[in-house]
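Everything below belongs to model09.pdb, which stores PDB, C-alpha atoms.
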```pdb
MODEL        1
ATOM      1  CA  MET T 278      -0.887  21.600  -1.291
ATOM      2  CA  GLU T 279       2.441  22.512  -2.763
ATOM      3  CA  HIS T 280       3.051  21.727  -6.426
ATOM      4  CA  PRO T 281       6.286  19.792  -6.746
ATOM      5  CA  TYR T 282       8.515  20.115  -9.779
ATOM      6  CA  LEU T 283       8.109  16.933 -11.802
ATOM      7  CA  PHE T 284      10.348  16.223 -14.795
ATOM      8  CA  ILE T 285       8.055  14.133 -16.922
ATOM      9  CA  VAL T 286       5.167  16.541 -16.349
ATOM     10  CA  LYS T 287       7.422  19.358 -17.598
ATOM     11  CA  PHE T 288       8.247  17.260 -20.642
ATOM     12  CA  PHE T 289       4.562  16.782 -21.342
ATOM     13  CA  GLU T 290       4.084  20.521 -21.039
ATOM     14  CA  LEU T 291       6.674  20.973 -23.766
ATOM     15  CA  ILE T 292       4.840  18.692 -26.161
ATOM     16  CA  GLY T 293       1.525  20.332 -25.480
ATOM     17  CA  PHE T 294      -0.317  18.000 -23.095
ATOM     18  CA  GLY T 295       0.402  20.176 -20.064
ATOM     19  CA  HIS T 296      -3.158  20.298 -18.771
ATOM     20  CA  PHE T 297      -3.571  16.533 -18.769
ATOM     21  CA  ALA T 298      -0.142  16.002 -17.213
ATOM     22  CA  HIS T 299      -0.748  18.454 -14.386
ATOM     23  CA  ALA T 300      -4.116  16.994 -13.536
ATOM     24  CA  TYR T 301      -3.077  13.306 -13.637
ATOM     25  CA  PRO T 302       0.611  12.898 -12.735
ATOM     26  CA  TRP T 303       0.035   9.374 -11.427
ATOM     27  CA  VAL T 304      -1.107   8.186 -14.860
ATOM     28  CA  ILE T 305       1.977   9.687 -16.514
ATOM     29  CA  TYR T 306       4.334   8.107 -14.018
ATOM     30  CA  SER T 307       2.499   4.775 -14.268
ATOM     31  CA  TRP T 308       3.326   4.794 -17.966
ATOM     32  CA  PHE T 309       6.929   5.565 -17.091
ATOM     33  CA  VAL T 310       7.086   2.609 -14.680
ATOM     34  CA  MET T 311       5.514   0.328 -17.285
ATOM     35  CA  ILE T 312       8.027   1.342 -19.935
ATOM     36  CA  LEU T 313      10.890   0.969 -17.462
ATOM     37  CA  LEU T 314       9.865  -2.543 -16.410
ATOM     38  CA  ILE T 315       9.240  -3.709 -19.978
ATOM     39  CA  VAL T 316      12.598  -2.372 -21.183
ATOM     40  CA  LEU T 317      14.469  -3.917 -18.246
ATOM     41  CA  ALA T 318      12.811  -7.296 -18.742
ATOM     42  CA  PHE T 319      13.436  -7.195 -22.494
ATOM     43  CA  LEU T 320      17.115  -6.405 -21.945
ATOM     44  CA  ALA T 321      17.462  -9.237 -19.450
ATOM     45  CA  VAL T 322      15.946 -11.985 -21.593
ATOM     46  CA  ARG T 323      17.438 -11.073 -24.940
ATOM     47  CA  LYS T 324      19.929 -13.932 -24.653
ATOM     48  CA  ILE T 325      19.046 -16.740 -22.313
ATOM     49  CA  ASP T 326      22.049 -18.944 -21.487
ATOM     50  CA  MET T 327      22.316 -22.008 -19.311
ATOM     51  CA  ILE T 328      25.004 -20.143 -17.377
ATOM     52  CA  PRO T 329      23.251 -16.839 -16.791
ATOM     53  CA  SER T 330      24.786 -13.450 -17.360
ATOM     54  CA  LYS T 331      24.493 -10.735 -14.751
ATOM     55  CA  ALA T 332      21.141  -9.217 -15.728
ATOM     56  CA  GLN T 333      19.540 -12.592 -16.294
ATOM     57  CA  ASN T 334      20.926 -13.733 -12.955
ATOM     58  CA  ILE T 335      19.337 -10.873 -11.056
ATOM     59  CA  PHE T 336      15.980 -11.440 -12.660
ATOM     60  CA  GLU T 337      16.202 -15.180 -12.050
ATOM     61  CA  ILE T 338      16.920 -14.608  -8.376
ATOM     62  CA  ILE T 339      13.980 -12.241  -7.996
ATOM     63  CA  ILE T 340      11.488 -14.315  -9.962
ATOM     64  CA  SER T 341      12.424 -17.674  -8.483
ATOM     65  CA  GLY T 342      12.506 -16.142  -5.000
ATOM     66  CA  ILE T 343       8.942 -14.890  -5.352
ATOM     67  CA  GLU T 344       7.801 -18.164  -6.919
ATOM     68  CA  GLU T 345       9.240 -20.330  -4.151
ATOM     69  CA  PHE T 346       7.764 -18.020  -1.554
ATOM     70  CA  MET T 347       4.358 -18.228  -3.172
ATOM     71  CA  VAL T 348       4.326 -21.987  -3.640
ATOM     72  CA  ASP T 349       5.403 -22.341  -0.019
ATOM     73  CA  ILE T 350       2.188 -20.735   1.143
ATOM     74  CA  THR T 351      -0.359 -21.758  -1.470
ATOM     75  CA  GLY T 352       0.947 -25.191  -2.417
ATOM     76  CA  GLU T 353       1.472 -26.484  -5.957
ATOM     77  CA  ALA T 354      -2.061 -25.542  -7.014
ATOM     78  CA  GLY T 355      -1.106 -21.889  -6.779
ATOM     79  CA  ARG T 356       1.660 -21.968  -9.366
ATOM     80  CA  PRO T 357      -0.474 -20.874 -12.367
ATOM     81  CA  PHE T 358      -1.378 -17.646 -10.578
ATOM     82  CA  PHE T 359       2.218 -16.668 -10.011
ATOM     83  CA  PRO T 360       2.512 -14.237 -12.993
ATOM     84  CA  LEU T 361      -0.232 -11.979 -11.671
ATOM     85  CA  ILE T 362       1.244 -11.885  -8.186
ATOM     86  CA  ALA T 363       4.768 -11.259  -9.425
ATOM     87  CA  THR T 364       3.594  -8.507 -11.770
ATOM     88  CA  VAL T 365       1.724  -6.735  -8.993
ATOM     89  CA  PHE T 366       4.730  -7.009  -6.685
ATOM     90  CA  LEU T 367       7.265  -5.720  -9.221
ATOM     91  CA  TYR T 368       4.944  -2.908 -10.324
ATOM     92  CA  VAL T 369       4.177  -1.777  -6.758
ATOM     93  CA  ALA T 370       7.842  -2.018  -5.690
ATOM     94  CA  THR T 371       9.031   0.037  -8.665
ATOM     95  CA  CYS T 372       6.272   2.611  -8.178
ATOM     96  CA  ASN T 373       7.169   3.001  -4.508
ATOM     97  CA  LEU T 374      10.892   3.328  -5.163
ATOM     98  CA  LEU T 375      10.245   5.944  -7.850
ATOM     99  CA  GLY T 376       9.107   8.338  -5.136
ATOM    100  CA  LEU T 377      12.599   8.521  -3.717
ATOM    101  CA  ILE T 378      14.091  10.072  -6.838
ATOM    102  CA  PRO T 379      13.795  13.860  -6.684
ATOM    103  CA  GLY T 380      11.552  15.153  -9.422
ATOM    104  CA  PHE T 381       9.497  11.958  -9.744
ATOM    105  CA  TYR T 382       6.042  11.287  -8.346
ATOM    106  CA  PRO T 383       5.228   7.772  -7.129
ATOM    107  CA  PRO T 384       2.052   6.510  -8.794
ATOM    108  CA  THR T 385       1.128   4.644  -5.620
ATOM    109  CA  ALA T 386       0.810   7.983  -3.828
ATOM    110  CA  SER T 387      -2.593   8.261  -5.461
ATOM    111  CA  ILE T 388      -5.540   6.217  -4.252
ATOM    112  CA  ASN T 389      -6.406   5.424  -7.885
ATOM    113  CA  THR T 390      -3.347   3.237  -8.452
ATOM    114  CA  THR T 391      -3.536   1.419  -5.142
ATOM    115  CA  LEU T 392      -7.277   0.858  -5.390
ATOM    116  CA  SER T 393      -6.887  -0.609  -8.860
ATOM    117  CA  CYS T 394      -4.190  -3.024  -7.658
ATOM    118  CA  ALA T 395      -6.266  -4.038  -4.628
ATOM    119  CA  LEU T 396      -9.435  -4.519  -6.697
ATOM    120  CA  THR T 397      -7.570  -6.689  -9.210
ATOM    121  CA  VAL T 398      -6.233  -8.951  -6.496
ATOM    122  CA  VAL T 399      -9.483  -9.290  -4.561
ATOM    123  CA  VAL T 400     -11.658  -9.896  -7.633
ATOM    124  CA  PHE T 401      -9.153 -12.499  -8.768
ATOM    125  CA  THR T 402      -9.500 -14.154  -5.371
ATOM    126  CA  HIS T 403     -13.178 -14.717  -6.082
ATOM    127  CA  VAL T 404     -12.408 -15.904  -9.602
ATOM    128  CA  ILE T 405     -10.033 -18.481  -8.126
ATOM    129  CA  GLY T 406     -12.626 -19.536  -5.585
ATOM    130  CA  ILE T 407     -15.292 -20.088  -8.223
ATOM    131  CA  LYS T 408     -12.818 -21.862 -10.492
ATOM    132  CA  PHE T 409     -11.699 -24.264  -7.785
ATOM    133  CA  HIS T 410     -14.985 -24.887  -6.027
ATOM    134  CA  GLY T 411     -17.722 -23.941  -8.461
ATOM    135  CA  ALA T 412     -21.037 -23.027  -6.864
ATOM    136  CA  LYS T 413     -19.919 -24.501  -3.535
ATOM    137  CA  TYR T 414     -17.650 -21.441  -3.126
ATOM    138  CA  VAL T 415     -20.563 -19.890  -1.223
ATOM    139  CA  LYS T 416     -19.822 -22.285   1.631
ATOM    140  CA  HIS T 417     -16.686 -20.249   2.284
ATOM    141  CA  PHE T 418     -18.928 -17.404   3.345
ATOM    142  CA  LEU T 419     -21.328 -19.358   5.496
ATOM    143  CA  GLY T 420     -19.169 -20.462   8.392
ATOM    144  CA  PRO T 421     -18.946 -23.780  10.206
ATOM    145  CA  VAL T 422     -22.512 -24.216  11.521
ATOM    146  CA  TRP T 423     -25.712 -23.724   9.507
ATOM    147  CA  TRP T 424     -27.699 -21.796  12.111
ATOM    148  CA  LEU T 425     -25.102 -19.003  12.286
ATOM    149  CA  ALA T 426     -24.996 -18.673   8.494
ATOM    150  CA  PRO T 427     -26.864 -15.332   8.048
ATOM    151  CA  LEU T 428     -24.688 -13.586  10.622
ATOM    152  CA  ILE T 429     -21.468 -15.096   9.333
ATOM    153  CA  LEU T 430     -22.438 -14.188   5.755
ATOM    154  CA  ILE T 431     -22.751 -10.511   6.643
ATOM    155  CA  ILE T 432     -19.493 -10.580   8.578
ATOM    156  CA  GLU T 433     -17.631 -12.307   5.733
ATOM    157  CA  LEU T 434     -18.960  -9.861   3.136
ATOM    158  CA  ILE T 435     -17.895  -6.901   5.249
ATOM    159  CA  GLY T 436     -14.548  -8.620   5.761
ATOM    160  CA  HIS T 437     -14.029  -8.945   2.017
ATOM    161  CA  PHE T 438     -14.809  -5.296   1.410
ATOM    162  CA  ALA T 439     -12.475  -4.462   4.270
ATOM    163  CA  ARG T 440      -9.743  -6.377   2.437
ATOM    164  CA  ILE T 441     -10.049  -4.064  -0.558
ATOM    165  CA  LEU T 442     -10.047  -0.988   1.667
ATOM    166  CA  SER T 443      -7.160  -2.153   3.815
ATOM    167  CA  LEU T 444      -4.929  -3.190   0.909
ATOM    168  CA  SER T 445      -5.419   0.072  -0.947
ATOM    169  CA  ILE T 446      -5.322   2.449   2.022
ATOM    170  CA  ARG T 447      -2.293   0.784   3.628
ATOM    171  CA  LEU T 448      -0.187   1.273   0.510
ATOM    172  CA  PHE T 449      -1.605   4.728  -0.270
ATOM    173  CA  GLY T 450      -1.177   5.992   3.296
ATOM    174  CA  ASN T 451       2.393   4.766   3.594
ATOM    175  CA  ILE T 452       3.615   6.324   0.380
ATOM    176  CA  THR T 453       1.603   9.560   0.647
ATOM    177  CA  GLY T 454       2.660   9.996   4.267
ATOM    178  CA  HIS T 455       6.251   9.517   3.218
ATOM    179  CA  GLU T 456       5.928  12.118   0.456
ATOM    180  CA  LEU T 457       4.266  14.561   2.867
ATOM    181  CA  VAL T 458       7.038  14.152   5.437
ATOM    182  CA  LEU T 459       9.674  14.640   2.740
ATOM    183  CA  GLY T 460       7.920  17.759   1.470
ATOM    184  CA  ILE T 461       7.553  19.320   4.902
ATOM    185  CA  LEU T 462      11.115  18.516   5.956
ATOM    186  CA  PHE T 463      12.368  19.971   2.705
ATOM    187  CA  LEU T 464      10.403  23.129   3.448
ATOM    188  CA  LEU T 465      11.735  23.332   7.000
ATOM    189  CA  ALA T 466      15.374  22.333   6.683
ATOM    190  CA  GLY T 467      16.156  21.398   3.094
ATOM    191  CA  MET T 468      19.557  23.048   3.177
ATOM    192  CA  ALA T 469      20.667  20.926   6.121
ATOM    193  CA  PHE T 470      20.025  17.624   4.309
ATOM    194  CA  ALA T 471      17.267  16.878   6.804
ATOM    195  CA  PRO T 472      15.193  14.709   4.413
ATOM    196  CA  LEU T 473      18.068  12.218   3.978
ATOM    197  CA  PRO T 474      17.283   9.916   6.944
ATOM    198  CA  ILE T 475      13.648   9.917   5.876
ATOM    199  CA  MET T 476      14.678   8.862   2.384
ATOM    200  CA  ALA T 477      16.732   6.010   3.833
ATOM    201  CA  LEU T 478      13.638   4.933   5.765
ATOM    202  CA  GLY T 479      11.730   5.403   2.531
ATOM    203  CA  ILE T 480      13.706   2.717   0.708
ATOM    204  CA  PHE T 481      12.902   0.286   3.481
ATOM    205  CA  VAL T 482       9.227   1.256   3.603
ATOM    206  CA  ALA T 483       8.851   1.058  -0.184
ATOM    207  CA  LEU T 484      10.160  -2.493  -0.412
ATOM    208  CA  LEU T 485       8.406  -3.580   2.765
ATOM    209  CA  GLN T 486       5.017  -2.292   1.662
ATOM    210  CA  ALA T 487       5.349  -4.040  -1.687
ATOM    211  CA  PHE T 488       6.263  -7.220   0.172
ATOM    212  CA  VAL T 489       3.302  -6.894   2.541
ATOM    213  CA  PHE T 490       0.991  -6.402  -0.464
ATOM    214  CA  LEU T 491       2.479  -9.553  -2.014
ATOM    215  CA  LEU T 492       2.145 -11.542   1.195
ATOM    216  CA  LEU T 493      -1.473 -10.569   1.799
ATOM    217  CA  SER T 494      -2.400 -11.305  -1.833
ATOM    218  CA  ILE T 495      -0.855 -14.772  -1.544
ATOM    219  CA  ILE T 496      -2.697 -15.404   1.723
ATOM    220  CA  TYR T 497      -6.026 -14.354   0.153
ATOM    221  CA  PHE T 498      -5.391 -16.648  -2.824
ATOM    222  CA  ALA T 499      -4.512 -19.528  -0.499
ATOM    223  CA  GLY T 500      -7.662 -18.868   1.514
ATOM    224  CA  ALA T 501      -9.827 -19.042  -1.603
ATOM    225  CA  MET T 502      -8.181 -22.227  -2.825
ATOM    226  CA  GLU T 503      -8.414 -24.292   0.332
ATOM    227  CA  GLU T 504     -11.513 -26.116   1.541
ATOM    228  CA  ALA T 505     -14.086 -24.184   3.537
ATOM    229  CA  HIS T 506     -13.868 -24.727   7.288
TER     230      HIS T 506
ATOM    231  CA  MET H 174     -25.389  31.412  20.028
ATOM    232  CA  GLU H 175     -26.171  35.127  19.790
ATOM    233  CA  GLY H 176     -24.374  37.159  17.164
ATOM    234  CA  MET H 177     -22.662  34.165  15.535
ATOM    235  CA  THR H 178     -22.887  34.344  11.804
ATOM    236  CA  ILE H 179     -22.908  31.174   9.836
ATOM    237  CA  GLN H 180     -19.359  31.886   8.681
ATOM    238  CA  THR H 181     -18.165  31.853  12.280
ATOM    239  CA  GLN H 182     -19.871  28.536  12.852
ATOM    240  CA  ALA H 183     -18.312  27.099   9.713
ATOM    241  CA  LEU H 184     -14.855  28.227  10.803
ATOM    242  CA  GLU H 185     -15.398  26.761  14.268
ATOM    243  CA  PHE H 186     -16.394  23.489  12.605
ATOM    244  CA  PHE H 187     -13.131  23.468  10.643
ATOM    245  CA  ILE H 188     -11.124  24.260  13.768
ATOM    246  CA  ALA H 189     -12.793  21.355  15.565
ATOM    247  CA  CYS H 190     -12.005  19.025  12.636
ATOM    248  CA  VAL H 191      -8.330  19.947  12.551
ATOM    249  CA  THR H 192      -8.020  19.560  16.327
ATOM    250  CA  ALA H 193      -9.647  16.152  16.091
ATOM    251  CA  ALA H 194      -7.208  15.171  13.362
ATOM    252  CA  GLY H 195      -4.247  16.143  15.534
ATOM    253  CA  PHE H 196      -5.486  14.212  18.551
ATOM    254  CA  GLY H 197      -6.580  11.269  16.442
ATOM    255  CA  ILE H 198      -3.211  10.603  14.931
ATOM    256  CA  ALA H 199      -1.493  11.120  18.309
ATOM    257  CA  ILE H 200      -3.660   8.483  19.988
ATOM    258  CA  ALA H 201      -3.173   6.121  17.036
ATOM    259  CA  ALA H 202       0.594   6.508  17.212
ATOM    260  CA  PHE H 203       0.453   5.843  20.963
ATOM    261  CA  GLY H 204      -1.407   2.567  20.502
ATOM    262  CA  CYS H 205       0.766   1.573  17.558
ATOM    263  CA  GLY H 206       3.941   2.195  19.563
ATOM    264  CA  ILE H 207       2.804  -0.022  22.415
ATOM    265  CA  ALA H 208       1.671  -2.810  20.087
ATOM    266  CA  GLN H 209       4.871  -2.828  18.066
ATOM    267  CA  GLY H 210       6.902  -2.749  21.277
ATOM    268  CA  ILE H 211       5.157  -5.862  22.580
ATOM    269  CA  GLY H 212       5.692  -7.644  19.263
ATOM    270  CA  LEU H 213       9.327  -6.640  19.189
ATOM    271  CA  ARG H 214       9.839  -7.842  22.751
ATOM    272  CA  SER H 215       8.538 -11.302  21.896
ATOM    273  CA  ALA H 216      10.719 -11.470  18.793
ATOM    274  CA  VAL H 217      13.853 -10.506  20.702
ATOM    275  CA  GLU H 218      13.050 -13.006  23.461
ATOM    276  CA  GLY H 219      12.635 -15.690  20.812
ATOM    277  CA  ILE H 220      15.995 -14.876  19.294
ATOM    278  CA  ALA H 221      17.652 -14.732  22.708
ATOM    279  CA  ARG H 222      16.414 -18.151  23.631
ATOM    280  CA  ASN H 223      17.266 -19.724  20.247
ATOM    281  CA  PRO H 224      19.828 -17.755  18.218
ATOM    282  CA  GLU H 225      19.598 -20.182  15.284
ATOM    283  CA  SER H 226      16.049 -19.142  14.496
ATOM    284  CA  SER H 227      17.085 -15.514  14.175
ATOM    285  CA  GLY H 228      16.439 -15.336  10.406
ATOM    286  CA  LYS H 229      12.881 -16.651  10.501
ATOM    287  CA  VAL H 230      11.978 -14.748  13.654
ATOM    288  CA  THR H 231      13.245 -11.486  12.174
ATOM    289  CA  VAL H 232      11.255 -11.938   8.971
ATOM    290  CA  THR H 233       8.091 -12.758  10.898
ATOM    291  CA  MET H 234       8.643  -9.786  13.182
ATOM    292  CA  ILE H 235       9.056  -7.384  10.263
ATOM    293  CA  ILE H 236       5.860  -8.622   8.634
ATOM    294  CA  GLY H 237       3.989  -8.300  11.925
ATOM    295  CA  LEU H 238       5.292  -4.783  12.508
ATOM    296  CA  ALA H 239       4.224  -3.711   9.013
ATOM    297  CA  LEU H 240       0.705  -5.011   9.588
ATOM    298  CA  ILE H 241       0.394  -3.242  12.957
ATOM    299  CA  GLU H 242       1.771  -0.080  11.382
ATOM    300  CA  SER H 243      -0.996  -0.174   8.804
ATOM    301  CA  LEU H 244      -3.568   0.451  11.558
ATOM    302  CA  CYS H 245      -1.791   3.701  12.386
ATOM    303  CA  ILE H 246      -1.730   4.495   8.670
ATOM    304  CA  TYR H 247      -5.533   4.177   8.528
ATOM    305  CA  ALA H 248      -5.768   6.784  11.296
ATOM    306  CA  LEU H 249      -3.311   8.971   9.377
ATOM    307  CA  VAL H 250      -5.473   8.756   6.254
ATOM    308  CA  VAL H 251      -8.561   9.778   8.233
ATOM    309  CA  ALA H 252      -6.626  12.707   9.699
ATOM    310  CA  LEU H 253      -5.485  13.746   6.220
ATOM    311  CA  ILE H 254      -9.065  13.552   4.960
ATOM    312  CA  LEU H 255     -10.220  15.765   7.837
ATOM    313  CA  ILE H 256      -7.584  18.364   7.100
ATOM    314  CA  PHE H 257      -7.336  18.383   3.312
ATOM    315  CA  ALA H 258     -10.185  16.548   1.665
ATOM    316  CA  HIS H 259     -13.031  17.392   3.969
ATOM    317  CA  PRO H 260     -16.414  16.245   2.592
ATOM    318  CA  GLN H 261     -18.083  19.537   3.554
ATOM    319  CA  ALA H 262     -15.278  21.673   2.148
ATOM    320  CA  ALA H 263     -17.149  22.647  -1.024
ATOM    321  CA  SER H 264     -20.345  23.737   0.700
ATOM    322  CA  ILE H 265     -18.458  25.661   3.377
ATOM    323  CA  ALA H 266     -16.293  27.373   0.765
ATOM    324  CA  ALA H 267     -19.502  28.396  -1.026
ATOM    325  CA  LEU H 268     -20.587  30.229   2.116
ATOM    326  CA  PHE H 269     -17.598  32.500   1.862
ATOM    327  CA  ALA H 270     -17.880  33.088  -1.874
TER     328      ALA H 270
ENDMDL
END
```

Just give me the structure of the file as C-alpha cells.
Amino acid sequence: MEHPYLFIVKFFELIGFGHFAHAYPWVIYSWFVMILLIVLAFLAVRKIDMIPSKAQNIFEIIISGIEEFMVDITGEAGRPFFPLIATVFLYVATCNLLGLIPGFYPPTASINTTLSCALTVVVFTHVIGIKFHGAKYVKHFLGPVWWLAPLILIIELIGHFARILSLSIRLFGNITGHELVLGILFLLAGMAFAPLPIMALGIFVALLQAFVFLLLSIIYFAGAMEEAH
Amino acid sequence: MEGMTIQTQALEFFIACVTAAGFGIAIAAFGCGIAQGIGLRSAVEGIARNPESSGKVTVTMIIGLALIESLCIYALVVALILIFAHPQAASIAALFA
C-alpha cells in the first residue's frame, strides 16, 4: 500500500532508529499517545481546588461522566474496576482521534493495538468472575439445566473467543477503513478538499467506537459479576 | 484445462478472490443498510410518539447502529484480507519468482 508521510517516523529517522520506526509506526504513535495523556493529566491535577479551574473541570466532567455511566450498569460492586475501563476508553479515544491529524498514524489502525486492548478486557472479565464467585464461576458457562451443559459449555467458550475477535476487529476495521477511504479520496480528489466530509465523519466514528468499546467492556464486566442464570 | 500453466491458474485464483471481495462487501452493506434502517425507523417512531424521551432514545439508537455497523465491518475486514493479506500470497508469489 502507499507509504504515508508520518512526522514522528521522520523524527525517528533523524535520530537513527529509522528502520524500527518504519516497520512499527503503531508502537511509536502509541508512545506518543501515552506521553500526551500523561502530560495532560499531570497538567490538570497540578493544583486541585474545591472550585475547579478550567482544565480540572474538563477532566472532572469526563471522569465522573464515565464513572456514573459505569456504576449505572454494573452497580456499586463495579466501582473498583473503573480505572481500567476509563484508561482503556481514554487511550482508545485519543488513538482514534490521532488519525484525523494529517501526518499522524492512529495506533488503533493496527490489529496489534486493538487485540491487546480486547485481550486485556476479556481476561480481566474472567479475573473478575473468579474473584467474585471463586470456583463456582464455571456455572456461568454451564447454562440453566444440567443435561444441556456440554453443549452450552462449547457454545459459551466459542462466544467468549468471539468477544475477543469482535472487540478487536470492530475497532480495527472502523479505523483502518477510515484511513483507507481518506487515502483513496486524497489520491482521487485531494485538491478539491474531498476528504473533508470523511474527516468530519471520522471524528464521530472515532468517539463512537471508543464509546462502544467502553460500553461492551462494562457489559462484559457486569455479566461476570452477576449470578449465573 | 489444456495449455494452462500454473501461473495462469494462480492469477485466475487471485481474480476470483478479488471478485469475491467486491461482492462480499456489497452484500454486507446491503444487509447493514436494511438493518440500520429498521432500527432507525423504530427510534424515530418512539420519539414521535413521546418527544420527551428523545435523549434516551437517540443514545440507544446510536449504540444500536454502531453494533449493527460492526457486522459490516467484519465483512470489510474479510474483503481486505482477501485483497491485501491473502494467506496464499507468499506461495503464489514464489511461483512467479

At a cut-off of 12 Å, using all atoms listed in the file, what residues contact H:Gly206? Leave out same-chain residues fewer than 6 positions from it and give the result as a PDB file with C-alpha atoms, keeping the file's coordinate frame.
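Result file is selection-v8.pdb:
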```pdb
ATOM      1  CA  ILE H 198      -3.211  10.603  14.931  1.00  0.00           C
ATOM      2  CA  ALA H 199      -1.493  11.120  18.309  1.00  0.00           C
ATOM      3  CA  ILE H 200      -3.660   8.483  19.988  1.00  0.00           C
ATOM      4  CA  GLY H 212       5.692  -7.644  19.263  1.00  0.00           C
ATOM      5  CA  LEU H 213       9.327  -6.640  19.189  1.00  0.00           C
ATOM      6  CA  LEU H 238       5.292  -4.783  12.508  1.00  0.00           C
ATOM      7  CA  ILE H 241       0.394  -3.242  12.957  1.00  0.00           C
ATOM      8  CA  GLU H 242       1.771  -0.080  11.382  1.00  0.00           C
ATOM      9  CA  LEU H 244      -3.568   0.451  11.558  1.00  0.00           C
ATOM     10  CA  CYS H 245      -1.791   3.701  12.386  1.00  0.00           C
TER      11      CYS H 245
END
```

### Task
Rank H:Ile246, H:Ile256, H:Ile211, H:Val217 by their smallest atom-to-atom distance to H:Ile188, using all atoms listed in the file, and report the top residue only.
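Of H:Ile246, H:Ile256, H:Ile211, H:Val217, the one nearest H:Ile188 is H:Ile256, counting all atoms listed in the file.
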
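Going from atom CA of T:Leu314 over to atom CA of T:Tyr282, you cover 23.6 Å.
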
### Residue neighbourhood stretch 251-254 of chain H, 12 Å, all atoms listed in the file, exclusion window fewer than 3 positions, as a PyMOL selection string
(chain T and resi 278+446-447+449-450+453-454+457) or (chain H and resi 190-201+244-248+257-262)

Kindly provide, as a compact mmCIF listing (two decimals) with C-alpha atoms, keeping the file's coordinate frame, the residues of chain T having any atom no farther than 12 Å from an atom of chain H, counting only C-alpha atoms.
```
# COMPACT_ATOMS: atom_id res chain seq x y z
CA MET T 278 -0.89 21.60 -1.29
CA ALA T 386 0.81 7.98 -3.83
CA ILE T 388 -5.54 6.22 -4.25
CA ALA T 439 -12.48 -4.46 4.27
CA LEU T 442 -10.05 -0.99 1.67
CA SER T 443 -7.16 -2.15 3.82
CA LEU T 444 -4.93 -3.19 0.91
CA SER T 445 -5.42 0.07 -0.95
CA ILE T 446 -5.32 2.45 2.02
CA ARG T 447 -2.29 0.78 3.63
CA LEU T 448 -0.19 1.27 0.51
CA PHE T 449 -1.60 4.73 -0.27
CA GLY T 450 -1.18 5.99 3.30
CA ASN T 451 2.39 4.77 3.59
CA ILE T 452 3.62 6.32 0.38
CA THR T 453 1.60 9.56 0.65
CA GLY T 454 2.66 10.00 4.27
CA HIS T 455 6.25 9.52 3.22
CA LEU T 457 4.27 14.56 2.87
CA PHE T 481 12.90 0.29 3.48
CA VAL T 482 9.23 1.26 3.60
CA ALA T 483 8.85 1.06 -0.18
CA LEU T 484 10.16 -2.49 -0.41
CA LEU T 485 8.41 -3.58 2.76
CA GLN T 486 5.02 -2.29 1.66
CA ALA T 487 5.35 -4.04 -1.69
CA PHE T 488 6.26 -7.22 0.17
CA VAL T 489 3.30 -6.89 2.54
CA PHE T 490 0.99 -6.40 -0.46
CA LEU T 491 2.48 -9.55 -2.01
CA LEU T 492 2.14 -11.54 1.20
CA LEU T 493 -1.47 -10.57 1.80
```

### Query
Residues at most 12 Å from stretch 351-357 of chain T, counting all atoms listed in the file, excluding those fewer than 6 positions away in the same chain, as a PyMOL selection string?
chain T and resi 341+343-345+363+402+405-406+408-409+492-503

### Task
Just say which residues the PyMOL selection byres ((chain H and resi 183) around 10) picks in this file, as a PyMOL selection string.
chain H and resi 178-182+184-189+261-262+264-266+268-269

### Query
On this structure, which residues satisfy the PyMOL selection byres ((chain T and resi 415) around 12), written as a ChimeraX atom specification?
/T:403,406-407,409-414,416-420,426,429-430,433-434,501,504-506

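Computed from the coordinates, the atom CA of T:Arg323 to atom CA of T:Tyr368 distance equals 20.9 Å.
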